[in-house]
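**Q** Below: one structure in structure tokens.
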Amino acid sequence: MKKILVVGASGQIGSELVPELRRIYGESNVVAADLKDPSQLAPTLVNGIYEQADILDTERVAGIIKKYNIDAVYNLVALLSSVGEQKPQLSWKINLGGLMNLLEIGRELHFQLFTPSSIGSFGPATPKDNTPQDTIQRPTSMYGVTKVAGELLCDYYYKKYGVDTRGVRFPGIISNVTLPGGGTTDYAVDIYYEAIKKHHYTCYIKAGTYMDMMYMPDCLKAAIGVMEADSSRFIHRNCFNVASMSFEPEQIAAAIKKVIPDFTMDYDIDPVRQGIAESWPNKMDDSCARAEWDWAPSYDLDTMTEDMIKVLSKRLLNK
Ligand code: SER
């Protein structure tokens with residue numbers, strides 16, 4: 001059975017990817033690693049194999065990969081876009097330093113490496129509607145700069161050294177286990193928590209601003225799907241556009257209203273996150289992922305909304 005390591009395991013995606021990988025590949029075949037002390041983490045992460053490690057410590061990471069004979073690494077270490085604008089130098093150091101370490105270790109130890117890119121890898125010069133797989137990528141956020149550089153590095157290490165790098169460009173990810181850590185698309189997560197707790201949300205993104213979004217089960221499906229794909233079909237590699245829904249704030253509010261009729265929303269725009277959002281696509285074209293490894297999402301805005309409200313109502317209100 002494939003032996004898998006997830007680095008950055010305690011984040012929004014890792015905290016759900018680790019249990020899903022353990023379900024598929026078996027508890028003893030999935031190692032979770034993160035900077036955090038295990039006492040700070042959810043039982044779902046630390047009940048299985050857990051290693052506390054700093055991604056920037058090459059020897060420590062290489063040691064873990066050797067110790068468990070790892071065949072595949074999911075690299076989820078990153079500062080998101082909004083935090084990246086507050087700490088651009090740190091964002092460069094962590095997002096690319098961590099990746100570079102894994103690529104270098106990969107030259108020697110030969111494992112598959114998944115690194116997500118993002119809608120953030122695009123910029124104002126990119127075509128906004130049906131954004132093609134291969135197009136202009138001149139992002140204006142530091143997060144985007146690290147994501148484009150990461151895509152290119154992954155391609156380079158595949159071509160030059162044969163490291164089996166793979167990736168997707170994720171939309172904003174909507175989930176209900178761990179909150180995202182400082183992204184531009186976080187409003188589409190926060191809105192559900194506030195809708196349940198207060199029946200009201202103050203949105204920092206302007207009405208009419210479209211962005212791609214995706215529900216966590218589809219995010220996990222995309223990550224695992226591209227890693228399990230038959231790469232002889234690949235024309236692309238780093239990174240595939242993957243999409244499932246695109247909406248603007250009024251549309252997610254309307255979807256919530258169908259389930260919570262007295263829900264209301266007003267606006268208090270954050271200029272930094274609004275600027276980032278406006279530089280990103282309205283909607284990506286994911287036809288290459290569909291053609292090259294049969295990518296197909298399962299959730300749309302209404303089915304995601306019903307599920308989010310059901311799960312969060314149970315947890316936050318005990319009903
Ligand atoms: N969710 C991310 C962000 O907003 C985009 O990849 O930064």
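Each chain in the structure tokens gets a letter, A, B, ..., in the order shown, and its residues are numbered from 1; ligands are numbered from 1 in order too.
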Collect all residues with atoms no farther than 10 Å from ligand 1, counting only C-alpha atoms and all ligand atoms, and output them as a short mmCIF file (atom, residue, chain, number, x, y, z; two decimals) with N, CA, C and O atoms, in the first residue's frame.
**A**
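Saved the output as selection-v6.cif:
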```
data_model
loop_
_atom_site.label_atom_id
_atom_site.label_comp_id
_atom_site.auth_asym_id
_atom_site.auth_seq_id
_atom_site.Cartn_x
_atom_site.Cartn_y
_atom_site.Cartn_z
N GLN A 12 -6.59 24.13 6.94
CA GLN A 12 -7.98 23.93 6.49
C GLN A 12 -8.12 22.64 5.67
O GLN A 12 -9.02 21.85 5.90
N ALA A 78 1.39 26.65 3.44
CA ALA A 78 1.34 27.94 2.73
C ALA A 78 0.70 29.02 3.60
O ALA A 78 -0.20 28.73 4.39
N LEU A 79 1.19 30.25 3.44
CA LEU A 79 0.45 31.40 3.96
C LEU A 79 -0.51 31.82 2.84
O LEU A 79 -0.10 31.92 1.69
N LEU A 80 -1.76 32.09 3.19
CA LEU A 80 -2.75 32.47 2.17
C LEU A 80 -2.61 33.95 1.76
O LEU A 80 -1.74 34.67 2.27
N SER A 81 -3.50 34.38 0.86
CA SER A 81 -3.28 35.66 0.18
C SER A 81 -3.37 36.90 1.05
O SER A 81 -2.58 37.84 0.89
N SER A 82 -4.30 36.93 2.00
CA SER A 82 -4.47 38.13 2.79
C SER A 82 -3.33 38.27 3.80
O SER A 82 -2.72 39.34 3.93
N VAL A 83 -2.98 37.17 4.46
CA VAL A 83 -1.83 37.17 5.37
C VAL A 83 -0.55 37.48 4.60
O VAL A 83 0.34 38.18 5.07
N GLY A 84 -0.48 36.96 3.38
CA GLY A 84 0.70 37.17 2.53
C GLY A 84 0.96 38.65 2.26
O GLY A 84 2.11 39.07 2.11
N PRO A 116 -0.58 22.28 -4.12
CA PRO A 116 -1.67 23.04 -4.73
C PRO A 116 -1.23 24.43 -5.18
O PRO A 116 -0.50 25.11 -4.47
N SER A 117 -1.68 24.81 -6.36
CA SER A 117 -1.63 26.22 -6.75
C SER A 117 -3.04 26.77 -6.53
O SER A 117 -3.82 26.17 -5.76
N SER A 118 -3.38 27.86 -7.16
CA SER A 118 -4.59 28.58 -6.74
C SER A 118 -5.07 29.51 -7.84
O SER A 118 -4.31 29.91 -8.73
N ILE A 119 -6.36 29.93 -7.70
CA ILE A 119 -6.85 31.04 -8.52
C ILE A 119 -5.97 32.27 -8.31
O ILE A 119 -5.91 33.15 -9.15
N GLY A 120 -5.26 32.29 -7.17
CA GLY A 120 -4.36 33.41 -6.87
C GLY A 120 -3.15 33.48 -7.78
O GLY A 120 -2.41 34.46 -7.76
N SER A 121 -2.93 32.43 -8.58
CA SER A 121 -1.78 32.47 -9.50
C SER A 121 -2.07 33.32 -10.74
O SER A 121 -1.19 33.53 -11.57
N SER A 141 -0.39 39.76 -6.09
CA SER A 141 -0.22 39.48 -4.65
C SER A 141 1.02 38.62 -4.46
O SER A 141 1.39 37.85 -5.35
N TYR A 143 1.20 36.10 -2.50
CA TYR A 143 0.69 34.73 -2.54
C TYR A 143 0.72 34.22 -3.99
O TYR A 143 1.21 33.12 -4.27
N GLY A 144 0.20 35.04 -4.90
CA GLY A 144 0.16 34.65 -6.31
C GLY A 144 1.56 34.47 -6.90
O GLY A 144 1.81 33.53 -7.67
N LYS A 147 2.79 31.23 -5.85
CA LYS A 147 2.08 30.11 -6.49
C LYS A 147 2.56 29.90 -7.93
O LYS A 147 2.75 28.77 -8.37
N ARG A 169 -4.97 23.97 -9.53
CA ARG A 169 -5.21 25.35 -9.09
C ARG A 169 -6.55 25.38 -8.38
O ARG A 169 -7.60 25.30 -9.03
N PHE A 170 -6.49 25.45 -7.04
CA PHE A 170 -7.73 25.41 -6.27
C PHE A 170 -8.45 26.75 -6.30
O PHE A 170 -7.82 27.81 -6.23
N PRO A 171 -9.79 26.68 -6.34
CA PRO A 171 -10.60 27.86 -6.06
C PRO A 171 -10.57 28.15 -4.55
O PRO A 171 -9.86 27.45 -3.81
N GLY A 172 -11.35 29.10 -4.06
CA GLY A 172 -11.54 29.27 -2.63
C GLY A 172 -12.20 28.01 -2.09
O GLY A 172 -13.17 27.53 -2.68
N ILE A 173 -11.68 27.49 -0.99
CA ILE A 173 -12.21 26.22 -0.45
C ILE A 173 -13.15 26.51 0.72
O ILE A 173 -12.78 27.22 1.67
N ILE A 174 -14.35 25.93 0.64
CA ILE A 174 -15.37 26.14 1.68
C ILE A 174 -15.48 24.85 2.49
O ILE A 174 -15.61 23.76 1.91
N PRO A 180 -10.20 28.56 7.31
CA PRO A 180 -9.04 28.93 6.50
C PRO A 180 -8.22 30.00 7.23
O PRO A 180 -8.77 30.75 8.03
N GLY A 181 -6.94 30.04 6.93
CA GLY A 181 -6.07 30.94 7.70
C GLY A 181 -5.70 32.21 6.98
O GLY A 181 -4.54 32.40 6.62
N GLY A 182 -6.65 33.08 6.71
CA GLY A 182 -6.30 34.40 6.20
C GLY A 182 -6.25 34.52 4.69
O GLY A 182 -5.31 35.08 4.11
N GLY A 183 -7.28 34.01 4.03
CA GLY A 183 -7.36 34.15 2.57
C GLY A 183 -8.36 35.21 2.17
O GLY A 183 -9.06 35.79 3.02
N THR A 184 -8.44 35.47 0.87
CA THR A 184 -9.38 36.45 0.32
C THR A 184 -10.78 35.84 0.21
O THR A 184 -11.78 36.52 0.33
N THR A 185 -10.82 34.53 -0.03
CA THR A 185 -12.10 33.86 -0.24
C THR A 185 -12.77 33.42 1.07
O THR A 185 -13.84 32.81 1.05
N ASP A 186 -12.16 33.75 2.22
CA ASP A 186 -12.68 33.28 3.52
C ASP A 186 -14.12 33.73 3.80
O ASP A 186 -14.81 33.10 4.61
N TYR A 187 -14.56 34.80 3.14
CA TYR A 187 -15.92 35.29 3.42
C TYR A 187 -16.96 34.19 3.16
O TYR A 187 -17.96 34.09 3.87
N ALA A 188 -16.65 33.35 2.15
CA ALA A 188 -17.62 32.33 1.76
C ALA A 188 -17.66 31.16 2.75
O ALA A 188 -18.52 30.29 2.65
N MET A 211 -15.95 34.89 -7.85
CA MET A 211 -14.74 34.07 -7.71
C MET A 211 -15.13 32.60 -7.76
O MET A 211 -16.23 32.23 -7.37
N ASP A 212 -14.18 31.76 -8.22
CA ASP A 212 -14.39 30.32 -8.16
C ASP A 212 -14.33 29.86 -6.72
O ASP A 212 -13.48 30.32 -5.94
N MET A 213 -15.22 28.93 -6.37
CA MET A 213 -15.23 28.33 -5.02
C MET A 213 -15.44 26.83 -5.17
O MET A 213 -15.94 26.36 -6.20
N MET A 214 -15.12 26.10 -4.10
CA MET A 214 -15.27 24.63 -4.14
C MET A 214 -15.52 24.11 -2.73
O MET A 214 -14.90 24.59 -1.77
N ARG A 273 -8.45 43.01 0.45
CA ARG A 273 -8.99 41.75 -0.07
C ARG A 273 -9.86 41.98 -1.32
O ARG A 273 -9.86 41.16 -2.23
N ILE A 276 -7.47 42.20 -4.22
CA ILE A 276 -6.98 40.87 -4.61
C ILE A 276 -8.08 40.14 -5.40
O ILE A 276 -7.84 39.59 -6.47
N ALA A 277 -9.31 40.17 -4.85
CA ALA A 277 -10.42 39.45 -5.50
C ALA A 277 -10.63 39.94 -6.93
O ALA A 277 -10.88 39.14 -7.85
N TRP A 280 -8.42 38.42 -9.62
CA TRP A 280 -8.54 36.97 -9.86
C TRP A 280 -9.65 36.68 -10.88
O TRP A 280 -10.53 37.52 -11.10
#
```
**Q** Among range 77-268 of chain A, which residues carry a DSSP assignment of strand (DSSP E), reported as a CSV table (one decimal) with all heavy atoms, in the first residue's frame?
**A**
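Written out: selection33.csv:
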```
chain,number,residue,atom,x,y,z
A,112,GLN,N,6.1,10.9,-5.1
A,112,GLN,CA,5.2,11.8,-5.8
A,112,GLN,C,5.0,13.0,-5.0
A,112,GLN,O,4.9,12.9,-3.7
A,112,GLN,CB,3.8,11.2,-5.9
A,112,GLN,CG,3.6,10.1,-6.9
A,112,GLN,CD,2.1,9.8,-7.0
A,112,GLN,OE1,1.5,9.4,-5.9
A,112,GLN,NE2,1.5,10.0,-8.1
A,113,LEU,N,4.9,14.2,-5.6
A,113,LEU,CA,4.7,15.4,-4.8
A,113,LEU,C,3.5,16.2,-5.3
A,113,LEU,O,3.5,16.7,-6.4
A,113,LEU,CB,6.0,16.2,-4.8
A,113,LEU,CG,5.9,17.6,-4.1
A,113,LEU,CD1,5.6,17.4,-2.6
A,113,LEU,CD2,7.3,18.3,-4.3
A,114,PHE,N,2.5,16.4,-4.4
A,114,PHE,CA,1.3,17.2,-4.7
A,114,PHE,C,1.5,18.6,-4.0
A,114,PHE,O,1.7,18.6,-2.8
A,114,PHE,CB,0.0,16.6,-4.2
A,114,PHE,CG,-1.2,17.5,-4.3
A,114,PHE,CD1,-1.9,17.5,-5.5
A,114,PHE,CD2,-1.6,18.2,-3.3
A,114,PHE,CE1,-3.0,18.4,-5.7
A,114,PHE,CE2,-2.7,19.1,-3.4
A,114,PHE,CZ,-3.4,19.1,-4.6
A,117,SER,N,-1.7,24.8,-6.4
A,117,SER,CA,-1.6,26.2,-6.7
A,117,SER,C,-3.0,26.8,-6.5
A,117,SER,O,-3.8,26.2,-5.8
A,117,SER,CB,-1.2,26.4,-8.2
A,117,SER,OG,-1.0,27.8,-8.5
A,118,SER,N,-3.4,27.9,-7.2
A,118,SER,CA,-4.6,28.6,-6.7
A,118,SER,C,-5.1,29.5,-7.8
A,118,SER,O,-4.3,29.9,-8.7
A,118,SER,CB,-4.2,29.4,-5.5
A,118,SER,OG,-5.1,30.5,-5.3
A,129,ASP,N,-13.1,35.5,-17.7
A,129,ASP,CA,-14.2,34.5,-17.9
A,129,ASP,C,-13.7,33.3,-18.6
A,129,ASP,O,-13.0,33.4,-19.6
A,129,ASP,CB,-15.4,35.1,-18.6
A,129,ASP,CG,-16.0,36.2,-17.7
A,129,ASP,OD1,-16.2,36.0,-16.5
A,129,ASP,OD2,-16.1,37.4,-18.2
A,130,ASN,N,-14.1,32.1,-18.1
A,130,ASN,CA,-13.5,30.8,-18.6
A,130,ASN,C,-12.0,30.9,-18.8
A,130,ASN,O,-11.5,30.6,-19.8
A,130,ASN,CB,-14.2,30.5,-20.0
A,130,ASN,CG,-15.7,30.3,-19.7
A,130,ASN,OD1,-16.1,29.6,-18.8
A,130,ASN,ND2,-16.5,30.8,-20.6
A,131,THR,N,-11.4,31.3,-17.7
A,131,THR,CA,-9.9,31.4,-17.7
A,131,THR,C,-9.3,30.1,-18.2
A,131,THR,O,-9.4,29.1,-17.6
A,131,THR,CB,-9.5,31.8,-16.3
A,131,THR,OG1,-10.1,33.0,-15.9
A,131,THR,CG2,-8.0,32.0,-16.2
A,165,THR,N,6.0,15.4,-9.9
A,165,THR,CA,5.2,16.5,-9.3
A,165,THR,C,3.8,16.6,-9.9
A,165,THR,O,3.7,16.3,-11.1
A,165,THR,CB,5.9,17.9,-9.5
A,165,THR,OG1,6.2,18.0,-10.9
A,165,THR,CG2,7.2,18.0,-8.8
A,166,ARG,N,2.8,17.0,-9.1
A,166,ARG,CA,1.5,17.1,-9.6
A,166,ARG,C,0.8,18.2,-8.9
A,166,ARG,O,1.1,18.5,-7.7
A,166,ARG,CB,0.7,15.8,-9.4
A,166,ARG,CG,1.3,14.6,-10.2
A,166,ARG,CD,0.6,13.3,-9.8
A,166,ARG,NE,1.3,12.3,-10.5
A,166,ARG,CZ,0.8,11.2,-11.0
A,166,ARG,NH1,-0.5,11.0,-10.9
A,166,ARG,NH2,1.5,10.3,-11.6
A,168,VAL,N,-3.0,21.1,-8.7
A,168,VAL,CA,-4.2,21.7,-9.2
A,168,VAL,C,-4.2,23.2,-8.8
A,168,VAL,O,-3.6,23.5,-7.8
A,168,VAL,CB,-5.5,21.0,-8.8
A,168,VAL,CG1,-5.5,19.6,-9.3
A,168,VAL,CG2,-5.6,21.0,-7.2
A,169,ARG,N,-5.0,24.0,-9.5
A,169,ARG,CA,-5.2,25.4,-9.1
A,169,ARG,C,-6.5,25.4,-8.4
A,169,ARG,O,-7.6,25.3,-9.0
A,169,ARG,CB,-5.2,26.3,-10.3
A,169,ARG,CG,-3.9,26.4,-11.0
A,169,ARG,CD,-3.9,27.4,-12.1
A,169,ARG,NE,-2.7,27.4,-12.8
A,169,ARG,CZ,-2.6,27.2,-14.2
A,169,ARG,NH1,-3.6,27.1,-14.9
A,169,ARG,NH2,-1.4,27.2,-14.7
A,170,PHE,N,-6.5,25.4,-7.0
A,170,PHE,CA,-7.7,25.4,-6.3
A,170,PHE,C,-8.4,26.8,-6.3
A,170,PHE,O,-7.8,27.8,-6.2
A,170,PHE,CB,-7.5,25.1,-4.8
A,170,PHE,CG,-7.3,23.6,-4.5
A,170,PHE,CD1,-6.3,23.1,-3.7
A,170,PHE,CD2,-8.3,22.7,-5.0
A,170,PHE,CE1,-6.2,21.8,-3.4
A,170,PHE,CE2,-8.1,21.3,-4.7
A,170,PHE,CZ,-7.1,20.9,-3.9
A,172,GLY,N,-11.3,29.1,-4.1
A,172,GLY,CA,-11.5,29.3,-2.6
A,172,GLY,C,-12.2,28.0,-2.1
A,172,GLY,O,-13.2,27.5,-2.7
A,173,ILE,N,-11.7,27.5,-1.0
A,173,ILE,CA,-12.2,26.2,-0.5
A,173,ILE,C,-13.1,26.5,0.7
A,173,ILE,O,-12.8,27.2,1.7
A,173,ILE,CB,-11.1,25.3,0.0
A,173,ILE,CG1,-10.1,25.0,-1.2
A,173,ILE,CG2,-11.6,24.0,0.6
A,173,ILE,CD1,-10.7,24.3,-2.4
A,174,ILE,N,-14.3,25.9,0.6
A,174,ILE,CA,-15.4,26.1,1.7
A,174,ILE,C,-15.5,24.9,2.5
A,174,ILE,O,-15.6,23.8,1.9
A,174,ILE,CB,-16.7,26.5,1.0
A,174,ILE,CG1,-16.5,27.9,0.3
A,174,ILE,CG2,-17.8,26.6,2.0
A,174,ILE,CD1,-17.6,28.3,-0.6
A,200,HIS,N,-27.1,36.9,10.3
A,200,HIS,CA,-26.6,38.1,9.6
A,200,HIS,C,-25.1,38.0,9.4
A,200,HIS,O,-24.4,37.4,10.1
A,200,HIS,CB,-26.9,39.3,10.5
A,200,HIS,CG,-26.4,40.6,9.9
A,200,HIS,ND1,-27.2,41.2,8.9
A,200,HIS,CD2,-25.3,41.4,10.1
A,200,HIS,CE1,-26.5,42.3,8.5
A,200,HIS,NE2,-25.4,42.4,9.2
A,201,TYR,N,-24.7,38.6,8.2
A,201,TYR,CA,-23.3,38.6,7.9
A,201,TYR,C,-22.9,40.0,7.3
A,201,TYR,O,-23.7,40.5,6.4
A,201,TYR,CB,-22.9,37.5,6.9
A,201,TYR,CG,-21.5,37.4,6.6
A,201,TYR,CD1,-20.5,37.2,7.6
A,201,TYR,CD2,-21.0,37.7,5.3
A,201,TYR,CE1,-19.2,37.2,7.3
A,201,TYR,CE2,-19.7,37.6,5.0
A,201,TYR,CZ,-18.7,37.4,6.0
A,201,TYR,OH,-17.4,37.4,5.7
A,202,THR,N,-21.8,40.5,7.7
A,202,THR,CA,-21.3,41.7,7.1
A,202,THR,C,-20.1,41.3,6.2
A,202,THR,O,-19.1,40.8,6.7
A,202,THR,CB,-20.8,42.7,8.2
A,202,THR,OG1,-21.9,43.0,9.0
A,202,THR,CG2,-20.2,44.0,7.6
A,203,CYS,N,-20.3,41.5,4.9
A,203,CYS,CA,-19.4,40.9,3.9
A,203,CYS,C,-18.3,42.0,3.5
A,203,CYS,O,-18.6,43.1,3.2
A,203,CYS,CB,-20.2,40.6,2.7
A,203,CYS,SG,-19.2,39.7,1.4
A,211,MET,N,-16.0,34.9,-7.8
A,211,MET,CA,-14.7,34.1,-7.7
A,211,MET,C,-15.1,32.6,-7.8
A,211,MET,O,-16.2,32.2,-7.4
A,211,MET,CB,-14.0,34.4,-6.4
A,211,MET,CG,-13.3,35.7,-6.3
A,211,MET,SD,-12.4,35.9,-4.8
A,211,MET,CE,-13.6,36.6,-3.7
A,212,ASP,N,-14.2,31.8,-8.2
A,212,ASP,CA,-14.4,30.3,-8.2
A,212,ASP,C,-14.3,29.9,-6.7
A,212,ASP,O,-13.5,30.3,-5.9
A,212,ASP,CB,-13.3,29.6,-8.9
A,212,ASP,CG,-13.5,29.5,-10.4
A,212,ASP,OD1,-14.5,28.9,-10.8
A,212,ASP,OD2,-12.7,30.2,-11.1
A,213,MET,N,-15.2,28.9,-6.4
A,213,MET,CA,-15.2,28.3,-5.0
A,213,MET,C,-15.4,26.8,-5.2
A,213,MET,O,-15.9,26.4,-6.2
A,213,MET,CB,-16.4,28.9,-4.2
A,213,MET,CG,-16.4,30.4,-4.0
A,213,MET,SD,-15.2,30.9,-2.8
A,213,MET,CE,-15.4,32.7,-2.9
A,214,MET,N,-15.1,26.1,-4.1
A,214,MET,CA,-15.3,24.6,-4.1
A,214,MET,C,-15.5,24.1,-2.7
A,214,MET,O,-14.9,24.6,-1.8
A,214,MET,CB,-14.0,24.0,-4.7
A,214,MET,CG,-14.0,22.5,-4.8
A,214,MET,SD,-12.5,21.9,-5.6
A,214,MET,CE,-12.8,22.3,-7.3
A,215,TYR,N,-16.4,23.1,-2.6
A,215,TYR,CA,-16.7,22.5,-1.3
A,215,TYR,C,-15.6,21.5,-1.0
A,215,TYR,O,-15.1,20.8,-1.9
A,215,TYR,CB,-18.1,21.9,-1.4
A,215,TYR,CG,-18.6,21.5,0.0
A,215,TYR,CD1,-18.3,22.3,1.1
A,215,TYR,CD2,-19.6,20.5,0.1
A,215,TYR,CE1,-18.9,22.0,2.4
A,215,TYR,CE2,-20.1,20.2,1.4
A,215,TYR,CZ,-19.8,20.9,2.5
A,215,TYR,OH,-20.3,20.6,3.7
A,240,PHE,N,-3.3,21.9,-12.8
A,240,PHE,CA,-4.6,21.9,-13.5
A,240,PHE,C,-5.6,22.8,-12.9
A,240,PHE,O,-5.8,22.8,-11.7
A,240,PHE,CB,-5.2,20.5,-13.4
A,240,PHE,CG,-4.5,19.5,-14.3
A,240,PHE,CD1,-3.5,18.7,-13.7
A,240,PHE,CD2,-4.8,19.3,-15.6
A,240,PHE,CE1,-2.8,17.7,-14.5
A,240,PHE,CE2,-4.2,18.3,-16.4
A,240,PHE,CZ,-3.2,17.5,-15.8
A,241,ASN,N,-6.3,23.6,-13.7
A,241,ASN,CA,-7.5,24.4,-13.3
A,241,ASN,C,-8.5,23.3,-12.8
A,241,ASN,O,-8.8,22.4,-13.6
A,241,ASN,CB,-8.1,25.2,-14.4
A,241,ASN,CG,-7.3,26.4,-14.8
A,241,ASN,OD1,-6.3,26.7,-14.2
A,241,ASN,ND2,-7.9,27.1,-15.8
A,245,MET,N,-17.9,25.7,-8.9
A,245,MET,CA,-19.0,26.7,-8.9
A,245,MET,C,-18.3,28.1,-8.8
A,245,MET,O,-17.1,28.2,-8.4
A,245,MET,CB,-19.9,26.6,-7.6
A,245,MET,CG,-19.1,26.7,-6.3
A,245,MET,SD,-20.2,26.3,-4.9
A,245,MET,CE,-19.8,24.6,-4.6
A,246,SER,N,-19.0,29.1,-9.3
A,246,SER,CA,-18.5,30.5,-9.3
A,246,SER,C,-19.7,31.3,-8.9
A,246,SER,O,-20.8,31.1,-9.4
A,246,SER,CB,-18.0,30.9,-10.6
A,246,SER,OG,-17.9,32.3,-10.7
A,247,PHE,N,-19.5,32.2,-7.9
A,247,PHE,CA,-20.6,33.0,-7.4
A,247,PHE,C,-20.1,34.4,-6.9
A,247,PHE,O,-18.9,34.5,-6.6
A,247,PHE,CB,-21.5,32.3,-6.4
A,247,PHE,CG,-20.8,31.8,-5.2
A,247,PHE,CD1,-20.4,32.6,-4.2
A,247,PHE,CD2,-20.5,30.4,-5.1
A,247,PHE,CE1,-19.7,32.1,-3.1
A,247,PHE,CE2,-19.9,29.9,-4.0
A,247,PHE,CZ,-19.5,30.7,-3.0
A,264,THR,N,-29.9,38.0,6.7
A,264,THR,CA,-29.6,39.2,6.0
A,264,THR,C,-28.1,39.5,5.9
A,264,THR,O,-27.3,38.9,6.6
A,264,THR,CB,-30.2,40.4,6.8
A,264,THR,OG1,-29.7,40.4,8.2
A,264,THR,CG2,-31.7,40.4,6.9
A,265,MET,N,-27.8,40.3,4.9
A,265,MET,CA,-26.3,40.6,4.7
A,265,MET,C,-26.2,42.1,4.4
A,265,MET,O,-27.0,42.7,3.7
A,265,MET,CB,-25.8,39.8,3.5
A,265,MET,CG,-24.3,40.0,3.3
A,265,MET,SD,-23.6,38.7,2.2
A,265,MET,CE,-24.2,39.3,0.6
A,266,ASP,N,-25.1,42.7,5.0
A,266,ASP,CA,-24.7,44.0,4.5
A,266,ASP,C,-23.2,44.0,4.2
A,266,ASP,O,-22.6,42.9,4.3
A,266,ASP,CB,-25.1,45.1,5.5
A,266,ASP,CG,-24.5,44.9,6.9
A,266,ASP,OD1,-23.6,44.0,7.0
A,266,ASP,OD2,-24.8,45.6,7.9
A,267,TYR,N,-22.7,45.1,3.9
A,267,TYR,CA,-21.3,45.2,3.4
A,267,TYR,C,-20.4,46.2,4.1
A,267,TYR,O,-20.9,47.2,4.5
A,267,TYR,CB,-21.3,45.6,1.9
A,267,TYR,CG,-21.9,44.5,1.0
A,267,TYR,CD1,-23.2,44.5,0.7
A,267,TYR,CD2,-21.1,43.5,0.4
A,267,TYR,CE1,-23.8,43.5,-0.1
A,267,TYR,CE2,-21.6,42.5,-0.4
A,267,TYR,CZ,-23.0,42.5,-0.7
A,267,TYR,OH,-23.5,41.6,-1.5
```
**Q** Between CA of Gly11 in chain A and CA of Leu179 in chain A, what is the distance in Å, rounded to a tenth?
**A**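 Taking CA of Gly11 in chain A as the start and CA of Leu179 in chain A as the end point, the length is 7.9 Å.
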**Q** Measuring atom to atom with only C-alpha atoms, identify which of A:Gly63, A:Gly225, A:Pro139, A:Gly167 is nearest to Asp155 in chain A.
**A**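 For Asp155 in chain A, the nearest of the given residues is A:Gly167.
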**Q** Counting only C-alpha atoms, what is within 9 Å of Ile252 in chain A, bar same-chain residues fewer than 5 positions away, as an mmCIF file with N, CA, C and O atoms, in the first residue's frame?
**A**
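As a result, part-v2.cif now contains:
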```cif
data_model
loop_
_atom_site.group_PDB
_atom_site.id
_atom_site.type_symbol
_atom_site.label_atom_id
_atom_site.label_comp_id
_atom_site.auth_asym_id
_atom_site.auth_seq_id
_atom_site.Cartn_x
_atom_site.Cartn_y
_atom_site.Cartn_z
ATOM 1 N N ALA A 188 -16.649 33.354 2.152
ATOM 2 C CA ALA A 188 -17.616 32.329 1.758
ATOM 3 C C ALA A 188 -17.656 31.159 2.753
ATOM 4 O O ALA A 188 -18.519 30.289 2.651
ATOM 5 N N ILE A 191 -19.443 33.302 6.223
ATOM 6 C CA ILE A 191 -20.865 33.633 6.051
ATOM 7 C C ILE A 191 -21.767 32.523 6.626
ATOM 8 O O ILE A 191 -22.799 32.808 7.234
ATOM 9 N N PHE A 247 -19.497 32.181 -7.860
ATOM 10 C CA PHE A 247 -20.612 33.039 -7.441
ATOM 11 C C PHE A 247 -20.094 34.357 -6.888
ATOM 12 O O PHE A 247 -18.892 34.501 -6.622
ATOM 13 N N LYS A 257 -30.442 32.023 2.217
ATOM 14 C CA LYS A 257 -31.825 32.449 2.511
ATOM 15 C C LYS A 257 -32.846 31.346 2.216
ATOM 16 O O LYS A 257 -33.883 31.274 2.854
ATOM 17 N N LEU A 301 -23.616 25.166 -5.639
ATOM 18 C CA LEU A 301 -23.850 26.106 -4.532
ATOM 19 C C LEU A 301 -24.991 25.643 -3.616
ATOM 20 O O LEU A 301 -24.872 25.695 -2.392
ATOM 21 N N ASP A 302 -26.096 25.157 -4.202
ATOM 22 C CA ASP A 302 -27.233 24.762 -3.355
ATOM 23 C C ASP A 302 -26.953 23.498 -2.549
ATOM 24 O O ASP A 302 -27.281 23.431 -1.362
ATOM 25 N N THR A 305 -24.561 24.382 0.205
ATOM 26 C CA THR A 305 -25.196 25.210 1.244
ATOM 27 C C THR A 305 -26.042 24.357 2.182
ATOM 28 O O THR A 305 -25.982 24.499 3.405
#
```
**Q** Take CA of Asp34 in chain A and CA of Ala9 in chain A and report the distance between them in Å, one decimal.
**A**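 A separation of 5.5 Å between them.
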